[in-house]
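Participant: Below you'll find input.tsv; it's TSV, C-alpha atoms and all ligand atoms.
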chain	number	residue	atom	x	y	z
F	15	MET	CA	-23.87	4.64	23.39
F	16	THR	CA	-24.48	1.17	21.97
F	17	ASP	CA	-22.33	-1.88	22.53
F	18	THR	CA	-21.12	-1.80	18.94
F	19	SER	CA	-19.85	1.77	19.15
F	20	THR	CA	-18.04	0.80	22.34
F	21	ALA	CA	-16.35	-2.01	20.45
F	22	ALA	CA	-15.37	0.36	17.67
F	23	ALA	CA	-14.17	2.91	20.20
F	24	GLN	CA	-11.60	0.47	21.55
F	25	ALA	CA	-9.87	0.45	18.21
F	26	VAL	CA	-8.91	4.10	18.42
F	27	THR	CA	-7.16	3.57	21.71
F	28	ALA	CA	-5.16	0.59	20.44
F	29	THR	CA	-1.99	0.85	18.43
F	30	LEU	CA	-1.90	-1.93	15.86
F	31	ALA	CA	0.93	-4.37	16.45
F	32	PRO	CA	3.26	-5.08	13.53
F	33	ASN	CA	1.87	-7.72	11.15
F	34	THR	CA	4.80	-8.88	9.07
F	35	PRO	CA	4.25	-12.02	6.98
F	36	ARG	CA	7.37	-13.64	5.56
F	37	ARG	CA	8.05	-12.59	1.98
F	38	PHE	CA	10.40	-13.85	-0.70
F	39	TYR	CA	12.50	-10.65	-0.67
F	40	ARG	CA	14.66	-9.09	2.03
F	41	GLY	CA	13.85	-6.22	4.34
F	42	GLY	CA	12.15	-5.26	7.56
F	43	GLU	CA	14.76	-3.41	9.62
F	44	ARG	CA	13.42	0.00	8.52
F	45	VAL	CA	9.89	-1.06	9.47
F	46	LEU	CA	11.07	-2.05	12.94
F	47	ALA	CA	13.08	1.16	13.35
F	48	PHE	CA	10.11	3.29	12.26
F	49	ARG	CA	7.87	1.42	14.70
F	50	GLY	CA	10.40	2.06	17.47
F	51	LEU	CA	11.14	-1.65	17.89
F	52	ALA	CA	14.43	-3.47	18.23
F	53	VAL	CA	15.39	-6.12	15.70
F	54	PRO	CA	14.43	-9.37	17.46
F	55	ASP	CA	16.89	-12.20	18.07
F	56	GLY	CA	16.83	-14.63	15.18
F	57	PHE	CA	15.26	-12.08	12.79
F	58	ASP	CA	15.08	-13.85	9.43
F	59	GLY	CA	15.51	-10.69	7.32
F	60	HIS	CA	12.44	-11.50	5.22
F	61	ARG	CA	9.79	-9.40	7.00
F	62	PRO	CA	9.83	-6.38	4.67
F	63	GLU	CA	6.11	-5.57	4.88
F	64	ASP	CA	3.84	-4.58	7.76
F	65	TRP	CA	0.24	-5.13	6.63
F	66	VAL	CA	-1.82	-2.45	8.39
F	67	GLY	CA	-5.52	-2.98	9.03
F	68	SER	CA	-5.49	-5.85	6.57
F	69	THR	CA	-8.40	-8.02	5.49
F	70	ALA	CA	-6.33	-9.43	2.62
F	71	ARG	CA	-4.29	-12.59	2.45
F	72	LEU	CA	-1.12	-13.39	0.55
F	73	PHE	CA	-1.84	-15.03	-2.81
F	74	ALA	CA	1.00	-17.47	-2.12
F	75	GLU	CA	3.83	-17.78	0.43
F	76	GLY	CA	1.60	-19.19	3.15
F	77	GLY	CA	-1.51	-17.06	2.87
F	78	GLY	CA	-0.90	-14.86	5.94
F	79	GLY	CA	-1.47	-11.13	6.18
F	80	VAL	CA	-4.80	-10.65	7.95
F	81	THR	CA	-4.65	-8.23	10.90
F	82	THR	CA	-5.50	-9.56	14.33
F	83	LEU	CA	-6.69	-6.97	16.86
F	84	ASP	CA	-5.40	-6.83	20.45
F	85	ASP	CA	-8.36	-8.86	21.71
F	86	GLY	CA	-7.43	-11.74	19.39
F	87	VAL	CA	-10.27	-11.10	16.94
F	88	GLU	CA	-9.33	-11.14	13.26
F	89	LEU	CA	-10.12	-7.81	11.64
F	90	PRO	CA	-12.60	-9.19	9.07
F	91	ASP	CA	-14.69	-10.62	11.95
F	92	ALA	CA	-14.53	-7.35	13.90
F	93	LEU	CA	-15.60	-5.35	10.85
F	94	ALA	CA	-18.45	-7.78	10.11
F	95	SER	CA	-19.79	-7.37	13.65
F	96	ASP	CA	-20.36	-3.62	13.24
F	97	PRO	CA	-20.01	-2.40	9.65
F	98	GLU	CA	-21.75	0.94	10.23
F	99	GLY	CA	-19.70	1.67	13.33
F	100	TRP	CA	-16.46	1.04	11.47
F	101	PHE	CA	-17.29	2.49	8.08
F	102	GLY	CA	-20.31	4.76	8.37
F	103	ALA	CA	-23.64	4.25	6.62
F	104	ASP	CA	-22.60	5.82	3.29
F	105	HIS	CA	-19.61	3.51	2.86
F	106	VAL	CA	-21.71	0.47	3.78
F	107	ALA	CA	-24.39	1.48	1.28
F	108	ARG	CA	-21.83	1.62	-1.51
F	109	PHE	CA	-19.22	-0.98	-0.58
F	110	GLY	CA	-20.83	-3.20	2.06
F	111	GLY	CA	-18.52	-4.20	4.89
F	112	ASP	CA	-15.37	-4.31	2.73
F	113	PRO	CA	-12.76	-1.66	3.61
F	114	ASN	CA	-11.71	-1.53	-0.05
F	115	LEU	CA	-8.16	-0.80	1.01
F	116	LEU	CA	-4.92	-2.50	1.97
F	117	THR	CA	-2.24	-0.40	3.66
F	118	LYS	CA	1.35	-1.53	4.18
F	119	LEU	CA	4.65	-0.25	5.42
F	120	LEU	CA	7.31	-1.63	3.09
F	121	ASP	CA	11.08	-1.68	3.60
F	122	SER	CA	13.04	-2.69	0.53
F	123	GLY	CA	16.14	-4.45	1.81
F	124	GLU	CA	16.90	-5.27	-1.81
F	125	ARG	CA	15.48	-4.16	-5.14
F	126	LEU	CA	12.08	-5.74	-5.71
F	127	PRO	CA	11.38	-7.63	-8.93
F	128	VAL	CA	9.73	-5.90	-11.85
F	129	HIS	CA	6.04	-6.74	-11.63
F	130	SER	CA	2.58	-5.41	-12.36
F	131	HIS	CA	-0.93	-5.82	-11.04
F	132	PRO	CA	-4.13	-6.41	-12.98
F	133	SER	CA	-6.87	-3.84	-13.36
F	134	ARG	CA	-10.36	-4.21	-11.90
F	135	GLU	CA	-11.64	-5.17	-15.34
F	136	PHE	CA	-9.01	-7.87	-15.83
F	137	ALA	CA	-9.50	-9.23	-12.30
F	138	ALA	CA	-13.26	-9.40	-12.79
F	139	ALA	CA	-12.89	-11.19	-16.13
F	140	HIS	CA	-10.13	-13.66	-15.24
F	141	LEU	CA	-9.56	-13.78	-11.47
F	142	ASP	CA	-13.09	-13.82	-10.08
F	143	CYS	CA	-12.47	-10.68	-8.04
F	144	ASP	CA	-13.93	-7.16	-8.10
F	145	HIS	CA	-10.63	-5.54	-7.12
F	146	GLY	CA	-7.59	-5.04	-9.27
F	147	LYS	CA	-4.58	-3.44	-7.75
F	148	THR	CA	-3.76	0.18	-8.27
F	149	GLU	CA	-1.19	1.13	-5.64
F	150	ALA	CA	0.57	4.23	-4.37
F	151	TRP	CA	3.87	4.82	-2.59
F	152	ILE	CA	4.31	7.47	0.07
F	153	VAL	CA	8.05	7.68	0.66
F	154	LEU	CA	8.89	8.03	4.37
F	155	VAL	CA	12.62	7.25	4.32
F	156	ALA	CA	14.98	6.96	1.37
F	157	ASP	CA	18.70	6.28	1.12
F	158	PRO	CA	20.59	8.81	-1.03
F	159	GLY	CA	20.05	7.97	-4.69
F	160	ALA	CA	17.11	5.66	-4.00
F	161	THR	CA	15.19	4.83	-7.17
F	162	VAL	CA	11.83	3.39	-8.13
F	163	TRP	CA	10.67	2.49	-11.63
F	164	VAL	CA	7.24	2.92	-13.25
F	165	GLY	CA	5.97	2.19	-16.77
F	166	PHE	CA	7.72	1.31	-20.02
F	167	ARG	CA	9.49	4.27	-21.65
F	168	ASP	CA	8.66	3.02	-25.15
F	169	GLU	CA	5.66	1.20	-26.54
F	170	LEU	CA	6.27	-2.53	-26.62
F	171	SER	CA	4.64	-5.10	-28.90
F	172	ASP	CA	3.39	-8.36	-27.42
F	173	ASP	CA	6.51	-10.01	-28.83
F	174	ASP	CA	8.78	-7.33	-27.33
F	175	LEU	CA	7.26	-7.89	-23.90
F	176	ALA	CA	7.36	-11.67	-24.19
F	177	GLY	CA	11.01	-11.41	-25.24
F	178	LEU	CA	11.92	-9.33	-22.19
F	179	VAL	CA	10.12	-11.79	-19.92
F	180	ASP	CA	11.86	-14.73	-21.62
F	181	ALA	CA	15.29	-13.17	-21.18
F	182	GLN	CA	14.94	-12.60	-17.40
F	183	ASP	CA	17.84	-10.16	-17.42
F	184	GLU	CA	18.51	-6.47	-16.69
F	185	GLN	CA	16.90	-5.32	-19.97
F	186	LEU	CA	13.48	-5.48	-18.35
F	187	LEU	CA	14.37	-2.98	-15.62
F	188	ALA	CA	16.21	-0.86	-18.17
F	189	ALA	CA	13.02	-0.58	-20.23
F	190	LEU	CA	11.23	1.19	-17.35
F	191	ASN	CA	11.23	4.87	-16.34
F	192	PRO	CA	13.55	5.41	-13.34
F	193	ILE	CA	12.36	7.88	-10.70
F	194	HIS	CA	14.75	9.14	-8.02
F	195	VAL	CA	12.88	9.54	-4.76
F	196	SER	CA	13.45	11.17	-1.40
F	197	ALA	CA	11.42	11.34	1.79
F	198	GLY	CA	8.32	13.44	1.10
F	199	ASP	CA	7.68	12.06	-2.39
F	200	ALA	CA	4.59	10.14	-3.43
F	201	VAL	CA	4.01	8.10	-6.60
F	202	LEU	CA	0.75	6.66	-7.91
F	203	VAL	CA	1.11	3.35	-9.78
F	204	PRO	CA	-2.01	2.64	-11.85
F	205	ALA	CA	-3.05	-0.99	-12.28
F	206	GLY	CA	-1.32	-2.53	-15.27
F	207	GLN	CA	1.83	-0.41	-15.07
F	208	PRO	CA	5.00	-2.46	-14.59
F	209	HIS	CA	7.05	-1.21	-11.66
F	210	ALA	CA	9.86	-1.92	-9.24
F	211	ILE	CA	11.06	-0.46	-5.95
F	212	GLY	CA	14.79	-0.03	-5.50
F	213	GLU	CA	16.77	-0.90	-2.41
F	214	GLY	CA	16.77	1.42	0.57
F	215	VAL	CA	13.30	2.96	0.91
F	216	LEU	CA	10.62	2.78	3.55
F	217	ILE	CA	7.26	3.51	1.99
F	218	LEU	CA	3.70	3.72	3.21
F	219	GLU	CA	1.81	1.88	0.51
F	220	LEU	CA	-1.91	2.05	-0.29
F	221	GLN	CA	-3.42	-0.60	-2.49
F	222	GLU	CA	-6.62	-2.12	-3.61
F	223	PRO	CA	-7.04	-5.07	-1.23
F	224	THR	CA	-5.69	-7.98	-3.27
F	225	ASP	CA	-2.36	-9.70	-3.69
F	226	PHE	CA	-2.47	-10.30	-7.44
F	227	SER	CA	0.92	-9.75	-9.03
F	228	VAL	CA	2.31	-10.62	-12.42
F	229	MET	CA	5.98	-11.22	-11.67
F	230	LEU	CA	7.58	-10.21	-14.96
F	231	GLU	CA	10.97	-10.74	-13.33
F	232	HIS	CA	10.90	-14.00	-11.42
F	233	ALA	CA	13.95	-16.17	-12.09
F	234	ARG	CA	16.43	-14.27	-9.90
F	235	PHE	CA	13.95	-14.41	-7.00
F	236	GLY	CA	13.31	-18.14	-7.44
F	237	LEU	CA	9.56	-17.68	-7.86
F	238	GLU	CA	7.39	-20.51	-9.15
F	239	LEU	CA	5.98	-19.83	-12.60
F	240	ASP	CA	2.48	-20.55	-11.32
F	241	HIS	CA	2.99	-17.84	-8.71
F	242	ALA	CA	4.54	-15.53	-11.30
F	243	PHE	CA	1.53	-15.52	-13.63
F	244	LEU	CA	-1.37	-15.90	-11.18
F	245	GLY	CA	-2.04	-19.42	-12.39
F	246	LEU	CA	-3.01	-18.03	-15.81
F	247	ASP	CA	-1.54	-18.83	-19.20
F	248	ARG	CA	1.39	-16.51	-19.70
F	249	PRO	CA	0.04	-14.75	-22.82
F	250	LEU	CA	-3.19	-14.00	-20.95
F	251	ALA	CA	-1.34	-12.77	-17.87
F	252	LEU	CA	0.81	-10.48	-20.04
F	253	ARG	CA	-2.34	-8.92	-21.52
F	254	SER	CA	-2.88	-7.36	-18.08
F	255	VAL	CA	0.39	-5.44	-18.45
F	256	ASP	CA	0.38	-1.91	-19.92
F	257	HIS	CA	2.73	-2.03	-22.91
F	258	GLY	CA	3.59	1.69	-22.70
F	259	PRO	CA	4.72	4.27	-23.34
F	260	VAL	CA	4.59	6.28	-20.13
F	261	ASP	CA	6.05	9.64	-21.15
F	262	ALA	CA	7.46	12.44	-18.99
F	263	ALA	CA	4.16	14.32	-18.74
F	264	ARG	CA	2.29	11.20	-17.69
F	265	LEU	CA	5.00	10.36	-15.19
F	266	ALA	CA	4.80	13.87	-13.71
F	267	SER	CA	1.03	13.48	-13.30
F	268	LEU	CA	1.61	10.43	-11.12
F	269	ARG	CA	3.85	12.26	-8.63
F	270	SER	CA	3.24	14.57	-5.67
F	271	ARG	CA	5.00	15.87	-2.55
F	272	TRP	CA	3.10	14.87	0.58
F	273	SER	CA	5.49	16.72	2.87
F	274	ASP	CA	4.42	20.09	1.35
F	275	VAL	CA	0.91	19.80	2.83
F	276	GLU	CA	0.13	22.19	5.69
F	277	GLY	CA	-3.02	21.74	7.76
F	278	SER	CA	-4.67	18.90	5.88
F	279	GLY	CA	-4.73	17.80	2.27
F	280	PRO	CA	-4.22	14.91	-0.12
F	281	ALA	CA	-0.89	13.10	-0.20
F	282	LEU	CA	-1.54	11.66	-3.66
F	283	PRO	CA	-2.55	12.93	-7.12
F	284	ASP	CA	-6.32	13.30	-7.63
F	285	GLU	CA	-6.39	10.26	-9.90
F	286	ALA	CA	-5.82	8.07	-6.82
F	287	SER	CA	-9.17	8.98	-5.27
F	288	ALA	CA	-11.13	6.43	-7.32
F	289	TYR	CA	-9.16	3.72	-5.47
F	290	PHE	CA	-8.20	5.13	-2.06
F	291	ARG	CA	-7.46	8.37	-0.25
F	292	ALA	CA	-4.35	9.36	1.69
F	293	GLU	CA	-4.78	12.54	3.68
F	294	VAL	CA	-1.89	14.32	5.33
F	295	VAL	CA	-2.73	15.99	8.65
F	296	ARG	CA	-0.05	18.40	9.83
F	297	PRO	CA	-0.98	21.14	12.28
F	298	VAL	CA	1.03	24.27	11.48
F	299	THR	CA	-1.04	27.20	12.75
F	300	GLY	CA	-3.07	25.40	15.39
F	301	ASP	CA	-5.07	22.22	15.78
F	302	VAL	CA	-6.55	20.62	12.67
F	303	THR	CA	-9.94	18.86	12.65
F	304	VAL	CA	-10.87	16.39	9.91
F	305	ASP	CA	-14.12	14.55	9.17
F	306	ALA	CA	-15.15	11.18	10.55
F	307	ALA	CA	-13.85	8.32	8.43
F	308	TYR	CA	-12.64	4.75	8.69
F	309	ALA	CA	-8.88	5.19	8.48
F	310	ALA	CA	-5.61	3.45	9.06
F	311	VAL	CA	-3.69	6.30	10.66
F	312	VAL	CA	0.09	6.22	10.42
F	313	VAL	CA	2.03	8.79	12.42
F	314	VAL	CA	4.93	9.60	10.13
F	315	ARG	CA	6.74	12.40	11.97
F	316	GLY	CA	6.88	14.03	15.39
F	317	ALA	CA	4.50	13.65	18.29
F	318	GLY	CA	1.16	15.12	19.24
F	319	THR	CA	-2.38	14.51	20.39
F	320	LEU	CA	-5.24	12.85	18.55
F	321	THR	CA	-8.71	13.56	19.91
F	322	THR	CA	-12.00	11.94	18.96
F	323	ARG	CA	-15.40	11.83	20.63
F	324	HIS	CA	-14.03	8.92	22.66
F	325	GLY	CA	-11.18	10.90	24.16
F	326	ALA	CA	-7.65	12.07	23.54
F	327	ARG	CA	-4.43	10.11	23.21
F	328	GLU	CA	-0.81	10.92	22.68
F	329	VAL	CA	0.69	9.68	19.43
F	330	ARG	CA	4.22	9.62	18.10
F	331	GLU	CA	6.15	8.66	14.97
F	332	GLY	CA	5.71	4.99	14.15
F	333	ASP	CA	2.31	4.61	15.78
F	334	VAL	CA	-0.33	2.92	13.66
F	335	LEU	CA	-3.99	3.19	14.64
F	336	LEU	CA	-7.21	1.97	13.17
F	337	VAL	CA	-9.82	4.69	13.62
F	338	PRO	CA	-13.48	3.81	13.06
F	339	HIS	CA	-15.95	6.19	11.45
F	340	GLY	CA	-17.91	5.99	14.71
F	341	ALA	CA	-15.13	7.85	16.52
F	342	GLY	CA	-16.40	11.00	14.79
F	343	GLU	CA	-14.31	14.04	13.82
F	344	VAL	CA	-10.60	13.76	14.57
F	345	THR	CA	-8.66	16.71	15.95
F	346	VAL	CA	-4.87	16.66	15.73
F	347	GLY	CA	-2.52	18.96	17.63
F	348	GLY	CA	1.21	19.19	18.21
F	349	ASP	CA	4.36	19.03	16.13
F	350	VAL	CA	3.21	15.95	14.31
F	351	THR	CA	2.43	14.70	10.81
F	352	LEU	CA	0.11	11.81	10.29
F	353	ILE	CA	-1.38	10.22	7.21
F	354	ARG	CA	-4.94	8.93	7.18
F	355	CYS	CA	-5.21	6.04	4.75
F	356	MET	CA	-8.85	5.70	3.71
F	357	PRO	CA	-11.08	3.90	1.24
F	358	PRO	CA	-12.49	5.85	-1.70
F	359	ALA	CA	-15.11	8.43	-0.74
F	360	PRO	CA	-18.55	6.77	-0.74
K	1	ZN	ZN	3.36	-3.64	-6.87
Written as structure tokens, that's how I'd like the structure from this file.
Ligand SMILES: [Zn+2]
Facilitator:
Amino acid sequence: MTDTSTAAAQAVTATLAPNTPRRFYRGGERVLAFRGLAVPDGFDGHRPEDWVGSTARLFAEGGGGVTTLDDGVELPDALASDPEGWFGADHVARFGGDPNLLTKLLDSGERLPVHSHPSREFAAAHLDCDHGKTEAWIVLVADPGATVWVGFRDELSDDDLAGLVDAQDEQLLAALNPIHVSAGDAVLVPAGQPHAIGEGVLILELQEPTDFSVMLEHARFGLELDHAFLGLDRPLALRSVDHGPVDAARLASLRSRWSDVEGSGPALPDEASAYFRAEVVRPVTGDVTVDAAYAAVVVVRGAGTLTTRHGAREVREGDVLLVPHGAGEVTVGGDVTLIRCMPPAP
């Protein structure tokens, strides 16, 4: 065994600590509860997101977000020291040492503003970045009646969209498709689609690793206009927004039920796989073994055992692990459900 694989091996034995940068919106108690942690004294109520295995930084709001491992090394430095150990040769050949993925736990303590994210093409043309931001929501906890919104119901002209953004009122949300969600649901949100998350859900979120957002709704959240439109002219920023319509059939194609998976299988619709993969592992009729892969592993229900070539460890709901490709095949046993959040297949 080489030194580098030893370094990678340590990651599988370490639960990632919460990494909760301050955000402009409220939340965080559901993240702490899921992680099995008490709400700390003096909690500011603005820690709604836990950035898991993150190499990305906030676009604004202080620029935090990068994961620091237990040994004090920032994740980008750890990954750079042993790309093949972390990602495997095939991933490195295609993507270099970039994980191509940002994973978050997100607790909406209030409804989030209506916003959208640019596509890869728009980001490459106007933001000097190869990643856009397609994202997906894996609903872990939802209050009764919890709602999310995706895509305009009707086709909007440029003037229609500009008018809704000018008004900064409830018409913007009302123009979107509402989706009632419960624990076990998953929703893919393609880049460009306007969306919002209602109050009272804890989601596991997979995203392309950027923090580019066009904040269509910004006034009620007190956001700076420069922040709202990525520093771009507003008409240009609004060109990144899909003007609709997203009809019922399209909406259905963006949804799945991750909690129906037995053994192992995808949590998200196939269309997600060009951007990231979320694999449910749930032993039902005996242990389940899945291939080696770099993965942020989130234990979403129950308790069990996770075994790699480096040994076995007990895991339970709320645990978050970063498993390197070099750990080899992963065998999961017990009354447990975990979700492996992974980059696109190389
Ligand atoms: Zn978003």
Participant: As a PDB file with C-alpha atoms, keeping the file's coordinate frame, please: the residues near Trp100 of chain F (cut-off 9 Å, all atoms listed in the file, same-chain neighbours under 5 positions excluded).
Facilitator:
ATOM      1  CA  SER F  19     -19.850   1.770  19.150  1.00  0.00           C
ATOM      2  CA  ALA F  22     -15.370   0.360  17.670  1.00  0.00           C
ATOM      3  CA  ALA F  92     -14.530  -7.350  13.900  1.00  0.00           C
ATOM      4  CA  LEU F  93     -15.600  -5.350  10.850  1.00  0.00           C
ATOM      5  CA  GLY F 111     -18.520  -4.200   4.890  1.00  0.00           C
ATOM      6  CA  ALA F 307     -13.850   8.320   8.430  1.00  0.00           C
ATOM      7  CA  TYR F 308     -12.640   4.750   8.690  1.00  0.00           C
ATOM      8  CA  VAL F 337      -9.820   4.690  13.620  1.00  0.00           C
ATOM      9  CA  PRO F 338     -13.480   3.810  13.060  1.00  0.00           C
ATOM     10  CA  HIS F 339     -15.950   6.190  11.450  1.00  0.00           C
ATOM     11  CA  GLY F 340     -17.910   5.990  14.710  1.00  0.00           C
ATOM     12  CA  ALA F 341     -15.130   7.850  16.520  1.00  0.00           C
TER      13      ALA F 341
END
Participant: Find, counting all atoms listed in the file, the residue in F:Val162, F:Ala137, F:Leu115, F:Leu220 that gets nearest to Asn191 of chain F.
Facilitator: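 Comparing F:Val162, F:Ala137, F:Leu115, F:Leu220 against Asn191 of chain F, the winner is F:Val162.
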Participant: Within 12 Å of ligand ZN 1 (chain K), counting only C-alpha atoms and all ligand atoms: which residues, as an mmCIF file with C-alpha atoms, in the coordinates of the input?
Facilitator:
data_model
loop_
_atom_site.group_PDB
_atom_site.id
_atom_site.type_symbol
_atom_site.label_atom_id
_atom_site.label_comp_id
_atom_site.auth_asym_id
_atom_site.auth_seq_id
_atom_site.Cartn_x
_atom_site.Cartn_y
_atom_site.Cartn_z
ATOM 1 C CA LYS F 118 1.350 -1.530 4.180
ATOM 2 C CA LEU F 120 7.310 -1.630 3.090
ATOM 3 C CA LEU F 126 12.080 -5.740 -5.710
ATOM 4 C CA PRO F 127 11.380 -7.630 -8.930
ATOM 5 C CA VAL F 128 9.730 -5.900 -11.850
ATOM 6 C CA HIS F 129 6.040 -6.740 -11.630
ATOM 7 C CA SER F 130 2.580 -5.410 -12.360
ATOM 8 C CA HIS F 131 -0.930 -5.820 -11.040
ATOM 9 C CA PRO F 132 -4.130 -6.410 -12.980
ATOM 10 C CA GLY F 146 -7.590 -5.040 -9.270
ATOM 11 C CA LYS F 147 -4.580 -3.440 -7.750
ATOM 12 C CA THR F 148 -3.760 0.180 -8.270
ATOM 13 C CA GLU F 149 -1.190 1.130 -5.640
ATOM 14 C CA ALA F 150 0.570 4.230 -4.370
ATOM 15 C CA TRP F 151 3.870 4.820 -2.590
ATOM 16 C CA VAL F 162 11.830 3.390 -8.130
ATOM 17 C CA TRP F 163 10.670 2.490 -11.630
ATOM 18 C CA VAL F 164 7.240 2.920 -13.250
ATOM 19 C CA GLY F 165 5.970 2.190 -16.770
ATOM 20 C CA VAL F 201 4.010 8.100 -6.600
ATOM 21 C CA LEU F 202 0.750 6.660 -7.910
ATOM 22 C CA VAL F 203 1.110 3.350 -9.780
ATOM 23 C CA PRO F 204 -2.010 2.640 -11.850
ATOM 24 C CA ALA F 205 -3.050 -0.990 -12.280
ATOM 25 C CA GLY F 206 -1.320 -2.530 -15.270
ATOM 26 C CA GLN F 207 1.830 -0.410 -15.070
ATOM 27 C CA PRO F 208 5.000 -2.460 -14.590
ATOM 28 C CA HIS F 209 7.050 -1.210 -11.660
ATOM 29 C CA ALA F 210 9.860 -1.920 -9.240
ATOM 30 C CA ILE F 211 11.060 -0.460 -5.950
ATOM 31 C CA GLU F 219 1.810 1.880 0.510
ATOM 32 C CA LEU F 220 -1.910 2.050 -0.290
ATOM 33 C CA GLN F 221 -3.420 -0.600 -2.490
ATOM 34 C CA GLU F 222 -6.620 -2.120 -3.610
ATOM 35 C CA PRO F 223 -7.040 -5.070 -1.230
ATOM 36 C CA THR F 224 -5.690 -7.980 -3.270
ATOM 37 C CA ASP F 225 -2.360 -9.700 -3.690
ATOM 38 C CA PHE F 226 -2.470 -10.300 -7.440
ATOM 39 C CA SER F 227 0.920 -9.750 -9.030
ATOM 40 C CA VAL F 228 2.310 -10.620 -12.420
ATOM 41 C CA MET F 229 5.980 -11.220 -11.670
ATOM 42 C CA LEU F 230 7.580 -10.210 -14.960
#
Participant: Mind checking which residues fall within 7 Å of segment 282-285 of chain F, counting only C-alpha atoms, ignoring those fewer than 3 positions away in the same chain, and posting them as an NGL selection string?
Facilitator: :F and (200 or 202 or 268-270 or 288 or 292)
Participant: Pick out the closest residue to Asp247 of chain F from this set: F:Val313, F:Gly41, F:His140, F:Pro360. Count only C-alpha atoms.
Facilitator: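 Of all the options, F:His140 lies closest to Asp247 of chain F.
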Participant: Quick one: pull the distance between atom CA of His145 of chain F and atom CA of Asn114 of chain F, Å, one decimal.
Facilitator: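 We find that atom CA of His145 of chain F and atom CA of Asn114 of chain F lie 8.2 Å from each other.
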Participant: Which residue gives the smallest distance to Gly198 of chain F among F:Leu252, F:Ile152, F:Leu170, F:Cys355, with all atoms listed in the file counted?
Facilitator: F:Ile152
Participant: Using only C-alpha atoms, which of F:Gln182, F:Asp121, F:Phe101, F:Gly79 sits nearest Val45 of chain F?
Facilitator: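 Among F:Gln182, F:Asp121, F:Phe101, F:Gly79, it is F:Asp121 that comes nearest to Val45 of chain F.
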Participant: List as JSON, numbers by chain the protein and nucleic acid residues near Ala326 of chain F, meaning an atom at most 9 Å away when all atoms listed in the file are counted, but skip any in the same chain fewer than 4 places from it.
Facilitator: {"F": [27, 319, 320, 321, 322, 345]}
Participant: Report, as lines of an AutoDock Vina configuration file, the axis-aligned box around all atoms of segment 44-54 of chain F present in the file, extended by 5 Å on each side; give centre and edge lengths in Å to one decimal place.
Facilitator:
center_x = 11.6
center_y = -3.0
center_z = 13.4
size_x = 17.5
size_y = 22.7
size_z = 19.7
Participant: Just want the 8 Å neighbourhood of segment 62-74 of chain F, counted on all atoms listed in the file, with same-chain residues fewer than 3 positions away dropped. Output as a ChimeraX atom specification.
Facilitator: /F:30,32-37,39-43,45,59,77-81,89-90,113,115-123,223-226,241,310,334,336
Participant: Create the file for the chosen residues now, containing C-alpha atoms and written as a JSON list (two decimals), in the coordinates of the input.
Facilitator:
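Output (again06.json):
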[["chain", "number", "residue", "atom", "x", "y", "z"],
["F", 30, "LEU", "CA", -1.90, -1.93, 15.86],
["F", 32, "PRO", "CA", 3.26, -5.08, 13.53],
["F", 33, "ASN", "CA", 1.87, -7.72, 11.15],
["F", 34, "THR", "CA", 4.80, -8.88, 9.07],
["F", 35, "PRO", "CA", 4.25, -12.02, 6.98],
["F", 36, "ARG", "CA", 7.37, -13.64, 5.56],
["F", 37, "ARG", "CA", 8.05, -12.59, 1.98],
["F", 39, "TYR", "CA", 12.50, -10.65, -0.67],
["F", 40, "ARG", "CA", 14.66, -9.09, 2.03],
["F", 41, "GLY", "CA", 13.85, -6.22, 4.34],
["F", 42, "GLY", "CA", 12.15, -5.26, 7.56],
["F", 43, "GLU", "CA", 14.76, -3.41, 9.62],
["F", 45, "VAL", "CA", 9.89, -1.06, 9.47],
["F", 59, "GLY", "CA", 15.51, -10.69, 7.32],
["F", 77, "GLY", "CA", -1.51, -17.06, 2.87],
["F", 78, "GLY", "CA", -0.90, -14.86, 5.94],
["F", 79, "GLY", "CA", -1.47, -11.13, 6.18],
["F", 80, "VAL", "CA", -4.80, -10.65, 7.95],
["F", 81, "THR", "CA", -4.65, -8.23, 10.90],
["F", 89, "LEU", "CA", -10.12, -7.81, 11.64],
["F", 90, "PRO", "CA", -12.60, -9.19, 9.07],
["F", 113, "PRO", "CA", -12.76, -1.66, 3.61],
["F", 115, "LEU", "CA", -8.16, -0.80, 1.01],
["F", 116, "LEU", "CA", -4.92, -2.50, 1.97],
["F", 117, "THR", "CA", -2.24, -0.40, 3.66],
["F", 118, "LYS", "CA", 1.35, -1.53, 4.18],
["F", 119, "LEU", "CA", 4.65, -0.25, 5.42],
["F", 120, "LEU", "CA", 7.31, -1.63, 3.09],
["F", 121, "ASP", "CA", 11.08, -1.68, 3.60],
["F", 122, "SER", "CA", 13.04, -2.69, 0.53],
["F", 123, "GLY", "CA", 16.14, -4.45, 1.81],
["F", 223, "PRO", "CA", -7.04, -5.07, -1.23],
["F", 224, "THR", "CA", -5.69, -7.98, -3.27],
["F", 225, "ASP", "CA", -2.36, -9.70, -3.69],
["F", 226, "PHE", "CA", -2.47, -10.30, -7.44],
["F", 241, "HIS", "CA", 2.99, -17.84, -8.71],
["F", 310, "ALA", "CA", -5.61, 3.45, 9.06],
["F", 334, "VAL", "CA", -0.33, 2.92, 13.66],
["F", 336, "LEU", "CA", -7.21, 1.97, 13.17]]
Participant: Taking 4 positions as the minimum chain separation for residues in the same chain, which residues sit within 10 Å of Ala359 of chain F when counting only C-alpha atoms? Answer as a list of chain:residue names.
Facilitator: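 Once the adjacent positions are removed, what remains is F:Asp104, F:His105, F:Arg108, F:Ser287, F:Ala288, F:Tyr289, F:Phe290, F:Arg291, F:Ala307.
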Participant: Quick one, how far is atom CA of Pro357 of chain F from atom CA of Phe109 of chain F?
Facilitator: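 Calculated distance between atom CA of Pro357 of chain F and atom CA of Phe109 of chain F is 9.7 Å.
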